[in-house]
$ cat model_4.cif   # mmCIF, C-alpha atoms and all ligand atoms
data_run
#
loop_
_atom_site.label_atom_id
_atom_site.label_comp_id
_atom_site.auth_asym_id
_atom_site.auth_seq_id
_atom_site.Cartn_x
_atom_site.Cartn_y
_atom_site.Cartn_z
CA MET H 1 117.16 128.79 35.77
CA LYS H 2 118.74 130.48 32.74
CA VAL H 3 116.10 132.02 30.48
CA GLY H 4 117.18 132.92 26.93
CA VAL H 5 115.61 135.18 24.31
CA PRO H 6 116.91 134.96 20.72
CA THR H 7 116.18 137.55 18.03
CA GLU H 8 113.27 136.48 15.83
CA ILE H 9 114.60 135.62 12.36
CA LYS H 10 111.37 134.88 10.46
CA PRO H 11 111.07 137.43 7.59
CA ASP H 12 109.46 140.69 8.73
CA GLU H 13 109.12 139.55 12.31
CA TYR H 14 109.89 142.39 14.71
CA ARG H 15 108.38 141.12 17.95
CA VAL H 16 110.46 139.92 20.90
CA ALA H 17 109.41 137.35 23.49
CA LEU H 18 110.32 139.29 26.65
CA THR H 19 110.32 142.97 27.64
CA PRO H 20 112.38 144.64 30.39
CA VAL H 21 109.33 144.14 32.64
CA GLY H 22 109.75 140.37 32.22
CA VAL H 23 113.51 140.53 32.79
CA ARG H 24 112.91 142.30 36.09
CA GLU H 25 110.22 139.83 37.22
CA LEU H 26 112.43 136.84 36.37
CA ALA H 27 115.42 138.46 38.13
CA GLU H 28 113.25 139.03 41.22
CA HIS H 29 112.49 135.27 41.14
CA GLY H 30 116.23 134.50 41.12
CA HIS H 31 116.58 133.62 37.42
CA GLU H 32 119.29 134.72 35.00
CA VAL H 33 118.13 136.22 31.69
CA LEU H 34 120.22 136.06 28.49
CA ILE H 35 119.04 138.35 25.68
CA GLU H 36 120.55 138.13 22.21
CA LYS H 37 122.19 141.40 21.24
CA GLY H 38 119.64 143.55 19.41
CA ALA H 39 116.70 141.18 20.07
CA GLY H 40 114.42 144.05 21.14
CA GLU H 41 115.39 146.52 18.43
CA GLY H 42 112.41 145.75 16.19
CA SER H 43 110.10 146.58 19.09
CA ALA H 44 112.05 149.72 20.01
CA ILE H 45 113.59 148.10 23.13
CA SER H 46 117.33 148.75 23.50
CA ASP H 47 119.92 146.34 24.92
CA ALA H 48 120.54 148.96 27.61
CA ALA H 49 116.88 148.81 28.70
CA TYR H 50 117.21 145.05 29.25
CA GLU H 51 120.57 145.40 30.99
CA ALA H 52 119.13 147.99 33.34
CA GLN H 53 116.77 145.30 34.66
CA GLY H 54 119.52 142.71 35.10
CA ALA H 55 119.72 140.89 31.73
CA ARG H 56 123.00 139.78 30.18
CA ILE H 57 123.32 140.70 26.48
CA VAL H 58 124.93 137.79 24.64
CA PRO H 59 125.56 136.48 21.11
CA VAL H 60 122.98 134.13 19.61
CA GLU H 61 125.03 130.96 20.19
CA ASP H 62 125.07 131.61 23.94
CA VAL H 63 121.27 131.90 24.05
CA TRP H 64 120.77 128.50 22.41
CA GLY H 65 123.85 126.97 24.06
CA GLU H 66 123.26 128.04 27.68
CA ALA H 67 119.58 128.73 28.31
CA ASP H 68 117.41 126.10 30.03
CA LEU H 69 114.24 127.88 28.89
CA ILE H 70 114.19 129.56 25.47
CA LEU H 71 111.41 132.04 24.77
CA GLY H 72 110.33 132.80 21.21
CA VAL H 73 107.52 134.40 19.27
CA LYS H 74 107.26 132.51 15.96
CA GLU H 75 107.99 128.87 15.27
CA PRO H 76 111.73 128.02 15.16
CA GLN H 77 113.25 128.40 11.71
CA PRO H 78 115.18 125.41 10.26
CA GLU H 79 118.58 126.75 11.35
CA GLU H 80 117.29 127.17 14.92
CA VAL H 81 115.91 123.62 15.26
CA GLY H 82 119.46 122.26 15.00
CA LEU H 83 120.53 124.46 17.94
CA LEU H 84 117.93 123.05 20.37
CA ARG H 85 119.47 120.97 23.17
CA PRO H 86 117.60 117.91 24.53
CA GLU H 87 117.55 119.33 28.07
CA ALA H 88 116.11 122.69 26.94
CA THR H 89 112.49 123.82 26.98
CA LEU H 90 111.27 125.93 24.05
CA PHE H 91 108.22 128.15 24.70
CA THR H 92 106.87 129.90 21.58
CA TYR H 93 104.15 129.76 18.91
CA LEU H 94 104.63 126.45 17.06
CA HIS H 95 101.55 125.77 14.85
CA LEU H 96 102.73 122.19 14.28
CA ALA H 97 99.57 120.51 12.95
CA PRO H 98 100.23 121.62 9.33
CA ALA H 99 104.06 121.33 9.71
CA PRO H 100 105.27 117.68 9.70
CA GLU H 101 108.90 118.54 8.89
CA LEU H 102 109.23 121.01 11.77
CA THR H 103 107.46 118.56 14.11
CA ARG H 104 109.89 115.78 13.21
CA GLY H 105 112.84 118.15 13.71
CA LEU H 106 111.59 119.14 17.17
CA CYS H 107 111.03 115.48 18.10
CA GLU H 108 114.59 114.65 17.00
CA SER H 109 116.00 117.50 19.11
CA GLY H 110 114.74 115.77 22.26
CA ALA H 111 113.75 119.17 23.70
CA THR H 112 110.41 119.90 25.38
CA CYS H 113 108.46 122.23 23.10
CA VAL H 114 105.52 124.17 24.47
CA ALA H 115 103.18 126.00 22.08
CA TYR H 116 101.61 129.27 23.19
CA GLU H 117 98.60 128.58 20.97
CA THR H 118 97.45 125.38 22.69
CA VAL H 119 97.80 126.54 26.32
CA GLU H 120 94.31 126.88 27.80
CA ASP H 121 92.96 128.76 30.79
CA SER H 122 90.43 127.46 33.31
CA LYS H 123 87.53 128.26 30.95
CA GLY H 124 89.01 126.43 27.95
CA ARG H 125 90.04 129.68 26.25
CA LEU H 126 93.45 130.30 24.62
CA PRO H 127 95.07 133.01 26.78
CA LEU H 128 98.37 133.09 24.84
CA LEU H 129 96.76 133.13 21.39
CA ALA H 130 94.04 135.68 22.24
CA PRO H 131 96.17 138.86 22.34
CA MET H 132 97.70 138.12 18.93
CA SER H 133 94.30 137.13 17.57
CA GLU H 134 92.85 140.44 18.71
CA ILE H 135 95.62 142.24 16.82
CA ALA H 136 95.44 139.98 13.73
CA GLY H 137 91.66 140.48 13.63
CA LYS H 138 92.03 144.25 13.58
CA ILE H 139 94.76 144.07 10.92
CA ALA H 140 92.64 141.68 8.82
CA THR H 141 89.99 144.31 8.17
CA GLN H 142 92.55 147.09 7.63
CA ALA H 143 94.50 144.91 5.19
CA GLY H 144 91.33 143.74 3.45
CA ALA H 145 90.12 147.33 3.01
CA PHE H 146 93.49 148.28 1.55
CA MET H 147 93.66 145.30 -0.81
CA LEU H 148 90.18 146.14 -2.12
CA GLU H 149 91.68 149.30 -3.62
CA LYS H 150 91.96 149.02 -7.40
CA PRO H 151 95.71 149.76 -7.74
CA LEU H 152 96.40 146.90 -5.32
CA GLY H 153 94.38 144.44 -7.39
CA GLY H 154 91.06 144.70 -5.55
CA ARG H 155 87.56 145.47 -6.79
CA GLY H 156 87.93 149.17 -6.11
CA ILE H 157 85.22 149.52 -3.47
CA LEU H 158 85.33 151.62 -0.31
CA LEU H 159 84.45 149.56 2.76
CA GLY H 160 82.21 152.19 4.33
CA GLY H 161 80.59 153.63 1.19
CA VAL H 162 79.51 157.29 1.23
CA PRO H 163 76.08 159.00 1.41
CA GLY H 164 74.14 157.74 -1.60
CA VAL H 165 76.56 154.86 -2.31
CA PRO H 166 76.22 151.57 -0.39
CA PRO H 167 79.05 150.14 1.71
CA ALA H 168 80.97 146.94 0.95
CA ASN H 169 79.83 143.56 2.28
CA VAL H 170 82.23 141.84 4.69
CA MET H 171 81.86 138.15 5.58
CA ILE H 172 83.81 136.92 8.60
CA ILE H 173 83.96 133.13 9.01
CA GLY H 174 84.83 132.18 12.60
CA GLY H 175 83.63 134.55 15.31
CA GLY H 176 86.30 133.92 17.98
CA ALA H 177 88.96 136.42 19.04
CA VAL H 178 90.10 137.18 15.46
CA GLY H 179 86.58 137.30 14.04
CA MET H 180 85.15 139.56 16.73
CA HIS H 181 87.98 142.09 16.46
CA ALA H 182 87.85 142.03 12.66
CA ALA H 183 84.13 142.72 12.95
CA PHE H 184 84.61 145.64 15.35
CA ILE H 185 86.92 147.36 12.84
CA ALA H 186 84.60 146.59 9.91
CA ILE H 187 81.67 148.01 11.90
CA GLY H 188 83.79 151.06 12.72
CA MET H 189 84.53 151.51 9.00
CA GLU H 190 80.75 151.32 8.38
CA ALA H 191 80.74 148.20 6.20
CA ASP H 192 77.83 145.71 6.15
CA VAL H 193 79.14 142.88 8.31
CA PHE H 194 78.09 139.21 8.60
CA VAL H 195 79.82 136.94 11.10
CA TYR H 196 79.58 133.15 10.65
CA ASP H 197 80.25 130.57 13.35
CA THR H 198 79.18 127.00 14.11
CA ASP H 199 78.98 127.67 17.87
CA LEU H 200 75.51 128.99 18.73
CA ASP H 201 76.54 130.19 22.19
CA ARG H 202 79.33 132.19 20.61
CA LEU H 203 76.86 133.70 18.12
CA ARG H 204 74.66 134.70 21.07
CA GLU H 205 77.61 136.46 22.75
CA LEU H 206 78.52 138.22 19.51
CA ASP H 207 74.94 139.29 18.91
CA ILE H 208 74.95 141.09 22.26
CA ALA H 209 78.45 142.57 21.69
CA PHE H 210 77.48 143.93 18.25
CA GLY H 211 74.24 145.50 19.49
CA GLY H 212 72.61 145.18 16.07
CA ARG H 213 75.55 146.71 14.16
CA ALA H 214 76.49 143.37 12.51
CA SER H 215 74.56 140.20 11.66
CA THR H 216 75.41 136.75 13.01
CA VAL H 217 74.86 133.67 10.85
CA PHE H 218 75.04 129.94 11.66
CA SER H 219 77.91 128.71 9.51
CA SER H 220 77.28 125.91 7.02
CA VAL H 221 78.33 125.12 3.46
CA LEU H 222 75.01 126.45 2.15
CA SER H 223 74.81 129.59 4.30
CA ILE H 224 78.33 130.59 3.23
CA GLU H 225 77.67 129.76 -0.41
CA GLU H 226 74.48 131.83 -0.48
CA ARG H 227 76.24 135.00 0.66
CA LEU H 228 79.43 134.72 -1.44
CA PRO H 229 77.91 136.41 -4.55
CA GLN H 230 77.21 139.61 -2.56
CA THR H 231 80.53 139.63 -0.71
CA ASP H 232 83.48 141.97 -1.35
CA LEU H 233 85.77 140.88 1.50
CA VAL H 234 85.94 137.50 3.29
CA ILE H 235 87.97 137.11 6.46
CA GLY H 236 88.74 133.48 7.39
CA ALA H 237 89.20 133.10 11.16
CA VAL H 238 88.13 129.57 12.11
CA LEU H 239 90.02 127.44 14.61
CA VAL H 240 89.69 123.93 15.97
CA HIS H 241 92.19 123.99 18.86
CA GLY H 242 95.58 122.62 17.79
CA ALA H 243 94.22 121.09 14.58
CA ARG H 244 94.71 121.93 10.94
CA ALA H 245 92.13 124.52 9.84
CA PRO H 246 89.06 123.11 8.04
CA TYR H 247 88.36 124.47 4.52
CA VAL H 248 85.35 126.77 4.65
CA ILE H 249 85.71 127.95 1.03
CA LYS H 250 86.72 125.48 -1.68
CA ARG H 251 88.29 126.37 -5.03
CA SER H 252 85.08 125.38 -6.80
CA GLN H 253 83.26 128.15 -4.85
CA LEU H 254 85.63 131.01 -5.80
CA GLY H 255 83.58 131.60 -8.96
CA LEU H 256 80.63 132.62 -6.78
CA LEU H 257 82.53 135.72 -5.60
CA LYS H 258 82.63 139.02 -7.48
CA PRO H 259 85.72 139.46 -9.68
CA GLN H 260 88.67 140.88 -7.66
CA ALA H 261 86.98 140.24 -4.32
CA VAL H 262 89.48 139.83 -1.47
CA LEU H 263 90.00 136.83 0.84
CA VAL H 264 92.05 137.36 4.02
CA ASP H 265 93.02 133.98 5.50
CA VAL H 266 94.04 134.68 9.08
CA ALA H 267 93.94 130.93 9.84
CA ILE H 268 96.85 130.42 7.43
CA ASP H 269 99.13 129.68 10.41
CA GLN H 270 97.03 126.56 11.00
CA GLY H 271 97.26 125.60 7.32
CA GLY H 272 94.62 128.01 5.97
CA CYS H 273 90.81 127.81 5.86
CA PHE H 274 90.43 128.47 2.11
CA GLU H 275 91.48 125.63 -0.19
CA THR H 276 93.44 128.00 -2.42
CA SER H 277 95.45 129.66 0.38
CA ARG H 278 99.21 129.45 0.72
CA PRO H 279 101.46 131.33 3.17
CA THR H 280 102.64 134.82 2.19
CA THR H 281 104.78 137.51 3.84
CA HIS H 282 104.28 141.19 4.70
CA ARG H 283 106.64 142.08 1.86
CA ASP H 284 104.60 140.16 -0.72
CA PRO H 285 101.25 139.62 0.99
CA THR H 286 98.86 138.72 -1.84
CA PHE H 287 98.36 136.47 -4.86
CA GLU H 288 95.45 135.88 -7.21
CA VAL H 289 93.57 132.65 -7.90
CA ASP H 290 90.62 132.54 -10.33
CA GLY H 291 90.26 136.34 -10.19
CA VAL H 292 90.14 136.47 -6.38
CA ILE H 293 92.84 138.26 -4.34
CA HIS H 294 94.25 136.17 -1.44
CA TYR H 295 96.04 137.77 1.54
CA CYS H 296 97.65 135.01 3.67
CA VAL H 297 100.33 136.53 5.91
CA THR H 298 101.27 134.06 8.64
CA ASN H 299 102.59 136.59 11.16
CA MET H 300 100.21 139.52 10.83
CA PRO H 301 100.88 140.96 14.33
CA GLY H 302 104.60 141.05 13.46
CA ALA H 303 103.85 144.20 11.47
CA VAL H 304 102.90 146.18 14.58
CA PRO H 305 105.56 145.06 17.07
CA ILE H 306 105.18 147.97 19.43
CA SER H 307 101.60 146.89 20.10
CA SER H 308 102.14 143.13 19.72
CA THR H 309 105.23 142.62 21.85
CA TYR H 310 103.56 144.15 24.88
CA ALA H 311 100.20 142.44 24.26
CA LEU H 312 101.96 139.08 23.94
CA THR H 313 104.32 139.38 26.89
CA ASN H 314 101.57 140.65 29.23
CA ALA H 315 99.90 137.27 28.60
CA THR H 316 102.94 134.97 28.54
CA LEU H 317 104.80 136.31 31.58
CA PRO H 318 102.87 134.44 34.33
CA TYR H 319 103.45 131.16 32.43
CA VAL H 320 107.12 131.97 31.82
CA ILE H 321 107.62 132.58 35.53
CA ALA H 322 105.81 129.33 36.41
CA VAL H 323 108.03 127.33 34.03
CA ALA H 324 111.21 129.09 35.22
CA ASP H 325 110.33 128.60 38.90
CA HIS H 326 109.32 124.94 38.72
CA GLY H 327 110.69 123.51 35.46
CA ILE H 328 108.30 122.43 32.70
CA ALA H 329 107.40 119.03 34.19
CA GLU H 330 106.34 120.35 37.59
CA ALA H 331 104.71 123.48 36.12
CA ALA H 332 102.71 121.26 33.74
CA ARG H 333 101.77 118.92 36.59
CA ARG H 334 100.42 121.87 38.59
CA ASP H 335 98.54 123.45 35.67
CA PRO H 336 96.64 121.15 33.28
CA GLY H 337 96.02 124.16 31.01
CA LEU H 338 99.76 124.62 30.57
CA ARG H 339 100.10 120.86 30.06
CA LEU H 340 97.90 121.23 26.97
CA GLY H 341 100.60 123.51 25.60
CA VAL H 342 103.22 120.75 25.65
CA ASN H 343 103.28 119.66 21.98
CA VAL H 344 106.56 117.71 21.91
CA ALA H 345 108.43 116.02 24.78
CA GLY H 346 110.88 113.15 25.04
CA GLY H 347 111.03 112.88 21.25
CA LYS H 348 107.25 112.31 20.96
CA VAL H 349 104.24 114.36 19.91
CA THR H 350 102.22 115.03 23.05
CA HIS H 351 99.21 116.87 21.63
CA PRO H 352 96.48 114.74 20.04
CA ALA H 353 95.43 117.23 17.34
CA VAL H 354 99.06 117.85 16.33
CA ALA H 355 99.74 114.09 16.19
CA GLU H 356 96.70 113.66 13.95
CA GLY H 357 97.73 116.62 11.76
CA VAL H 358 101.25 115.32 11.13
CA SER H 359 100.37 111.58 11.17
CA LEU H 360 102.72 110.75 14.04
CA GLU H 361 102.11 108.66 17.17
CA TYR H 362 100.49 110.52 20.10
CA VAL H 363 101.97 110.04 23.55
CA PRO H 364 100.15 111.73 26.47
CA PRO H 365 102.20 114.59 27.98
CA GLU H 366 101.83 113.00 31.42
CA GLU H 367 103.70 109.94 30.12
CA ALA H 368 106.35 111.87 28.15
CA LEU H 369 107.04 114.17 31.10
CA GLY H 370 106.93 111.33 33.63
CA LEU H 371 104.01 112.80 35.58
CA GLY H 372 101.92 109.69 36.04
CA GLU H 373 98.12 110.09 35.96
CA PRO H 374 96.66 113.58 35.35
CA SER H 375 95.91 115.19 38.73
CA GLY H 376 93.82 118.26 37.78
CA ASP H 377 94.49 119.80 41.19
CA GLY H 378 96.78 122.66 40.27
CA ALA H 379 96.39 126.39 40.71
CA GLY H 380 97.39 127.30 37.13
CA ALA H 381 99.13 130.45 35.95
CA ASP H 382 95.72 132.11 35.55
CA GLY H 383 95.12 131.49 39.23
CA ALA H 384 92.02 129.35 38.77
CA GLY H 385 93.33 126.00 37.56
CA ALA H 386 92.16 124.15 34.47
CA THR H 387 90.63 120.73 34.81
CA ALA H 388 92.38 117.69 33.41
CA THR H 389 89.15 116.64 31.70
CA ARG H 390 89.85 119.23 29.00
CA ALA H 391 92.90 117.32 27.78
CA THR H 392 91.18 116.60 24.47
CA PRO H 393 91.74 119.83 22.55
CA GLY H 394 90.56 118.37 19.27
CA ALA H 395 87.08 118.21 20.75
CA HIS H 396 86.69 122.03 20.90
N1 LIG U 1 97.92 134.93 10.59
C1 LIG U 1 98.23 135.41 11.78
O1 LIG U 1 99.15 136.22 11.93
C2 LIG U 1 97.42 135.01 13.00
C3 LIG U 1 97.51 135.71 14.19
C4 LIG U 1 96.71 135.31 15.27
C5 LIG U 1 95.84 134.23 15.14
N2 LIG U 1 95.82 133.55 13.95
C6 LIG U 1 94.95 132.41 13.71
O2 LIG U 1 93.60 132.81 13.55
C7 LIG U 1 92.77 131.67 13.77
C8 LIG U 1 91.61 132.04 14.69
O3 LIG U 1 92.09 132.31 15.99
P1 LIG U 1 91.13 132.75 17.19
O4 LIG U 1 92.00 133.11 18.33
O5 LIG U 1 90.11 133.72 16.72
O6 LIG U 1 90.42 131.36 17.53
P2 LIG U 1 89.11 131.18 18.43
O7 LIG U 1 89.18 129.79 18.98
O8 LIG U 1 88.96 132.33 19.37
O9 LIG U 1 87.92 131.29 17.37
C9 LIG U 1 87.73 130.37 16.34
C10 LIG U 1 86.28 130.31 16.01
O10 LIG U 1 86.11 129.49 14.86
C11 LIG U 1 84.87 128.83 15.01
N3 LIG U 1 84.81 127.72 14.08
C12 LIG U 1 85.43 126.52 14.12
N4 LIG U 1 85.14 125.79 13.02
C13 LIG U 1 84.31 126.56 12.27
C14 LIG U 1 83.65 126.38 11.01
N5 LIG U 1 83.80 125.25 10.30
N6 LIG U 1 82.87 127.39 10.54
C15 LIG U 1 82.72 128.53 11.24
N7 LIG U 1 83.30 128.75 12.43
C16 LIG U 1 84.09 127.79 12.94
C17 LIG U 1 84.85 128.43 16.48
O11 LIG U 1 83.55 128.13 16.94
C18 LIG U 1 85.43 129.70 17.14
O12 LIG U 1 84.42 130.60 17.55
C19 LIG U 1 93.71 130.60 14.36
O13 LIG U 1 94.10 129.71 13.34
C20 LIG U 1 94.90 131.39 14.82
O14 LIG U 1 96.09 130.61 14.89
C21 LIG U 1 96.59 133.92 12.88
#

$ encode --input "model_4.cif" --output "structure tokens"
Amino acid sequence: MKVGVPTEIKPDEYRVALTPVGVRELAEHGHEVLIEKGAGEGSAISDAAYEAQGARIVPVEDVWGEADLILGVKEPQPEEVGLLRPEATLFTYLHLAPAPELTRGLCESGATCVAYETVEDSKGRLPLLAPMSEIAGKIATQAGAFMLEKPLGGRGILLGGVPGVPPANVMIIGGGAVGMHAAFIAIGMEADVFVYDTDLDRLRELDIAFGGRASTVFSSVLSIEERLPQTDLVIGAVLVHGARAPYVIKRSQLGLLKPQAVLVDVAIDQGGCFETSRPTTHRDPTFEVDGVIHYCVTNMPGAVPISSTYALTNATLPYVIAVADHGIAEAARRDPGLRLGVNVAGGKVTHPAVAEGVSLEYVPPEEALGLGEPSGDGAGADGAGATATRATPGAH
């Protein structure tokens, strides 16, 4: 199979979807790898480093024109959607539930589009979202601490306080991969930290992980509302797999916060979990609504490509090799967790939460890929095999 890697063109995106390690592994499996000239530059990977492991360095049109499997990091930009061939498979972050126009474009391309963020492992976790969530979580607290500085528009409070002066209060809503890593950094910076989640088992795990250094709170409209008046920094990190993010803070509640408090909406890539959020970029990361600073960068890990590229590709490589070795249909038949990643195939939306988010018809991936009934008997790229009974991501 020909595997292609274009340069990421989203503003301030410096990650790349494959490292020389991946080129070598694919070459060992008999595949040909086409890398767009300069694709690794943002992550300090030279064309020569790819070539040394057997890649061919090509212009962008050859990547889109020749590759059977195209690997990306962020969702395809409008000019890239038009380059997708019907026989190609695109494997990248897609975040389609809040993006009807992109979803329609991908359907019209006829290509098979697999989203990193809805692939699941045998335990129902998100192995291809987790590494970026860990990074985004850590950045969320760093960015929030920075934006709280007065010259940047914030309240002018130091997260950790100093002897004789109390620390700032940090509320983290959603205690998954993002929330836990945001909390670890906030704890490290000596803030007072409260983590909210609706999943009691998750709160139990967090309680043990924090060892008393942060509080866990069952998330509800009232419990959030009661703490907002004391809060300096809110980090929004909720996720319902594949679906548009629910609003956990409404515009009418912004007035409960202190003036110039900071909201960091990490869930902005799924549409945002604060009603007043809208996507921003690293170059212009914040805006103000009703006296509250909003930070809503959609590709936070893109700012630290040297960490993110390796964290991402360590996780994606086993799946990339499975798809290259078997083709997407057979790889998805063998691994029901990978099948959950198939968001668009045969011109149809094949993920129920995406279909609901964009108000388009849902067609099961088994049908769109011509697999027949789900088998649930595969080994899976994580070696354990996910069960077909989890093919209802919206239920998580
Ligand atoms: N902006 C970025 O650059 C960036 C980077 C990585 C991840 N993300 C996004 O961050 C979000 C979180 O990702 P994750 O990997 O931590 O997900 P996760 O599945 O690990 O955790 C999400 C948590 O939210 C909880 N939750 C769901 N609904 C809730 C509610 N109403 N109130 C409180 N908690 C609720 C779940 O129980 C779960 O523990 C996702 O939208 C993801 O796409 C954004």

$ closest_atom_pairs --input "model_4.cif" --of "chain H" --to "ligand LIG 1 (chain U)" --cutoff "6 Å" --atoms "only C-alpha atoms and all ligand atoms" --output "JSON lines"
{"residue": "H:Leu129", "atom": "CA", "partner": "U:LIG1", "partner_atom": "O4", "distance": 5.7}
{"residue": "H:Ala130", "atom": "CA", "partner": "U:LIG1", "partner_atom": "O4", "distance": 5.1}
{"residue": "H:Met132", "atom": "CA", "partner": "U:LIG1", "partner_atom": "C4", "distance": 4.7}
{"residue": "H:Ser133", "atom": "CA", "partner": "U:LIG1", "partner_atom": "C4", "distance": 3.8}
{"residue": "H:Ala136", "atom": "CA", "partner": "U:LIG1", "partner_atom": "C3", "distance": 4.8}
{"residue": "H:Ile173", "atom": "CA", "partner": "U:LIG1", "partner_atom": "C15", "distance": 5.3}
{"residue": "H:Gly174", "atom": "CA", "partner": "U:LIG1", "partner_atom": "O10", "distance": 3.7}
{"residue": "H:Gly175", "atom": "CA", "partner": "U:LIG1", "partner_atom": "O12", "distance": 4.6}
{"residue": "H:Gly176", "atom": "CA", "partner": "U:LIG1", "partner_atom": "O9", "distance": 3.1}
{"residue": "H:Ala177", "atom": "CA", "partner": "U:LIG1", "partner_atom": "O5", "distance": 3.7}
{"residue": "H:Val178", "atom": "CA", "partner": "U:LIG1", "partner_atom": "O5", "distance": 3.7}
{"residue": "H:Gly179", "atom": "CA", "partner": "U:LIG1", "partner_atom": "O5", "distance": 5.7}
{"residue": "H:Tyr196", "atom": "CA", "partner": "U:LIG1", "partner_atom": "C15", "distance": 5.6}
{"residue": "H:Asp197", "atom": "CA", "partner": "U:LIG1", "partner_atom": "N7", "distance": 3.7}
{"residue": "H:Thr198", "atom": "CA", "partner": "U:LIG1", "partner_atom": "N7", "distance": 4.8}
{"residue": "H:Asp199", "atom": "CA", "partner": "U:LIG1", "partner_atom": "O11", "distance": 4.7}
{"residue": "H:Ser219", "atom": "CA", "partner": "U:LIG1", "partner_atom": "C15", "distance": 5.1}
{"residue": "H:Ala237", "atom": "CA", "partner": "U:LIG1", "partner_atom": "C8", "distance": 4.4}
{"residue": "H:Val238", "atom": "CA", "partner": "U:LIG1", "partner_atom": "O10", "distance": 3.4}
{"residue": "H:Leu239", "atom": "CA", "partner": "U:LIG1", "partner_atom": "C9", "distance": 4.1}
{"residue": "H:Val240", "atom": "CA", "partner": "U:LIG1", "partner_atom": "C12", "distance": 5.3}
{"residue": "H:Val266", "atom": "CA", "partner": "U:LIG1", "partner_atom": "N1", "distance": 4.2}
{"residue": "H:Ala267", "atom": "CA", "partner": "U:LIG1", "partner_atom": "O13", "distance": 3.7}
{"residue": "H:Ile268", "atom": "CA", "partner": "U:LIG1", "partner_atom": "N1", "distance": 5.6}
{"residue": "H:Asp269", "atom": "CA", "partner": "U:LIG1", "partner_atom": "N1", "distance": 5.4}
{"residue": "H:Gln270", "atom": "CA", "partner": "U:LIG1", "partner_atom": "O13", "distance": 4.9}
{"residue": "H:Val297", "atom": "CA", "partner": "U:LIG1", "partner_atom": "N1", "distance": 5.5}
{"residue": "H:Thr298", "atom": "CA", "partner": "U:LIG1", "partner_atom": "N1", "distance": 4.0}
{"residue": "H:Asn299", "atom": "CA", "partner": "U:LIG1", "partner_atom": "O1", "distance": 3.5}
{"residue": "H:Met300", "atom": "CA", "partner": "U:LIG1", "partner_atom": "O1", "distance": 3.6}
{"residue": "H:Pro301", "atom": "CA", "partner": "U:LIG1", "partner_atom": "O1", "distance": 5.6}

$ residues_near_point --input "model_4.cif" --point "(81.1, 147.2, 20.7)" --cutoff "10 Å" --atoms "all atoms listed in the file" --output "PyMOL selection string"
chain H and resi 180-181+183-185+187-188+206+208-213

$ closest_residue --input "model_4.cif" --among "H:Val60, H:Ile35, H:Met189, H:Ala261" --to "Glu149 in chain H" --atoms "only C-alpha atoms"
H:Ala261

$ residues_around --input "model_4.cif" --residues "range 157-171 of chain H" --least-positions-apart "3" --cutoff "7 Å" --atoms "only C-alpha atoms" --output "count of residues only"
16

$ atom_distance --input "model_4.cif" --atom1 "CA of His29 in chain H" --atom2 "CA of Asp62 in chain H"
21.6 Å

$ residues_around --input "model_4.cif" --residues "Tyr14 in chain H" --least-positions-apart "5" --cutoff "12 Å" --atoms "only C-alpha atoms" --output "list in words"
Pro6, Thr7, Glu8, Ile9, Gly38, Ala39, Gly40, Glu41, Gly42, Ser43, Ala44, Ile45, Gly72, Val73, Lys74, His282, Asn299, Met300, Pro301, Gly302, Ala303, Val304, Pro305, Ile306, Ser307, Ser308 and Thr309 of chain H

$ write_last_selection --input "model_4.cif" --atoms "C-alpha atoms" --output "mmCIF file, in the frame of the given file"
data_model
loop_
_atom_site.group_PDB
_atom_site.id
_atom_site.type_symbol
_atom_site.label_atom_id
_atom_site.label_comp_id
_atom_site.auth_asym_id
_atom_site.auth_seq_id
_atom_site.Cartn_x
_atom_site.Cartn_y
_atom_site.Cartn_z
ATOM 1 C CA PRO H 6 116.910 134.960 20.720
ATOM 2 C CA THR H 7 116.180 137.550 18.030
ATOM 3 C CA GLU H 8 113.270 136.480 15.830
ATOM 4 C CA ILE H 9 114.600 135.620 12.360
ATOM 5 C CA GLY H 38 119.640 143.550 19.410
ATOM 6 C CA ALA H 39 116.700 141.180 20.070
ATOM 7 C CA GLY H 40 114.420 144.050 21.140
ATOM 8 C CA GLU H 41 115.390 146.520 18.430
ATOM 9 C CA GLY H 42 112.410 145.750 16.190
ATOM 10 C CA SER H 43 110.100 146.580 19.090
ATOM 11 C CA ALA H 44 112.050 149.720 20.010
ATOM 12 C CA ILE H 45 113.590 148.100 23.130
ATOM 13 C CA GLY H 72 110.330 132.800 21.210
ATOM 14 C CA VAL H 73 107.520 134.400 19.270
ATOM 15 C CA LYS H 74 107.260 132.510 15.960
ATOM 16 C CA HIS H 282 104.280 141.190 4.700
ATOM 17 C CA ASN H 299 102.590 136.590 11.160
ATOM 18 C CA MET H 300 100.210 139.520 10.830
ATOM 19 C CA PRO H 301 100.880 140.960 14.330
ATOM 20 C CA GLY H 302 104.600 141.050 13.460
ATOM 21 C CA ALA H 303 103.850 144.200 11.470
ATOM 22 C CA VAL H 304 102.900 146.180 14.580
ATOM 23 C CA PRO H 305 105.560 145.060 17.070
ATOM 24 C CA ILE H 306 105.180 147.970 19.430
ATOM 25 C CA SER H 307 101.600 146.890 20.100
ATOM 26 C CA SER H 308 102.140 143.130 19.720
ATOM 27 C CA THR H 309 105.230 142.620 21.850
#

$ atom_distance --input "model_4.cif" --atom1 "CA of Gln77 in chain H" --atom2 "CA of Pro11 in chain H"
10.2 Å

$ closest_residue --input "model_4.cif" --among "H:Asp335, H:Glu75, H:Glu226, H:Asp265" --to "Thr141 in chain H" --atoms "all atoms listed in the file"
H:Asp265
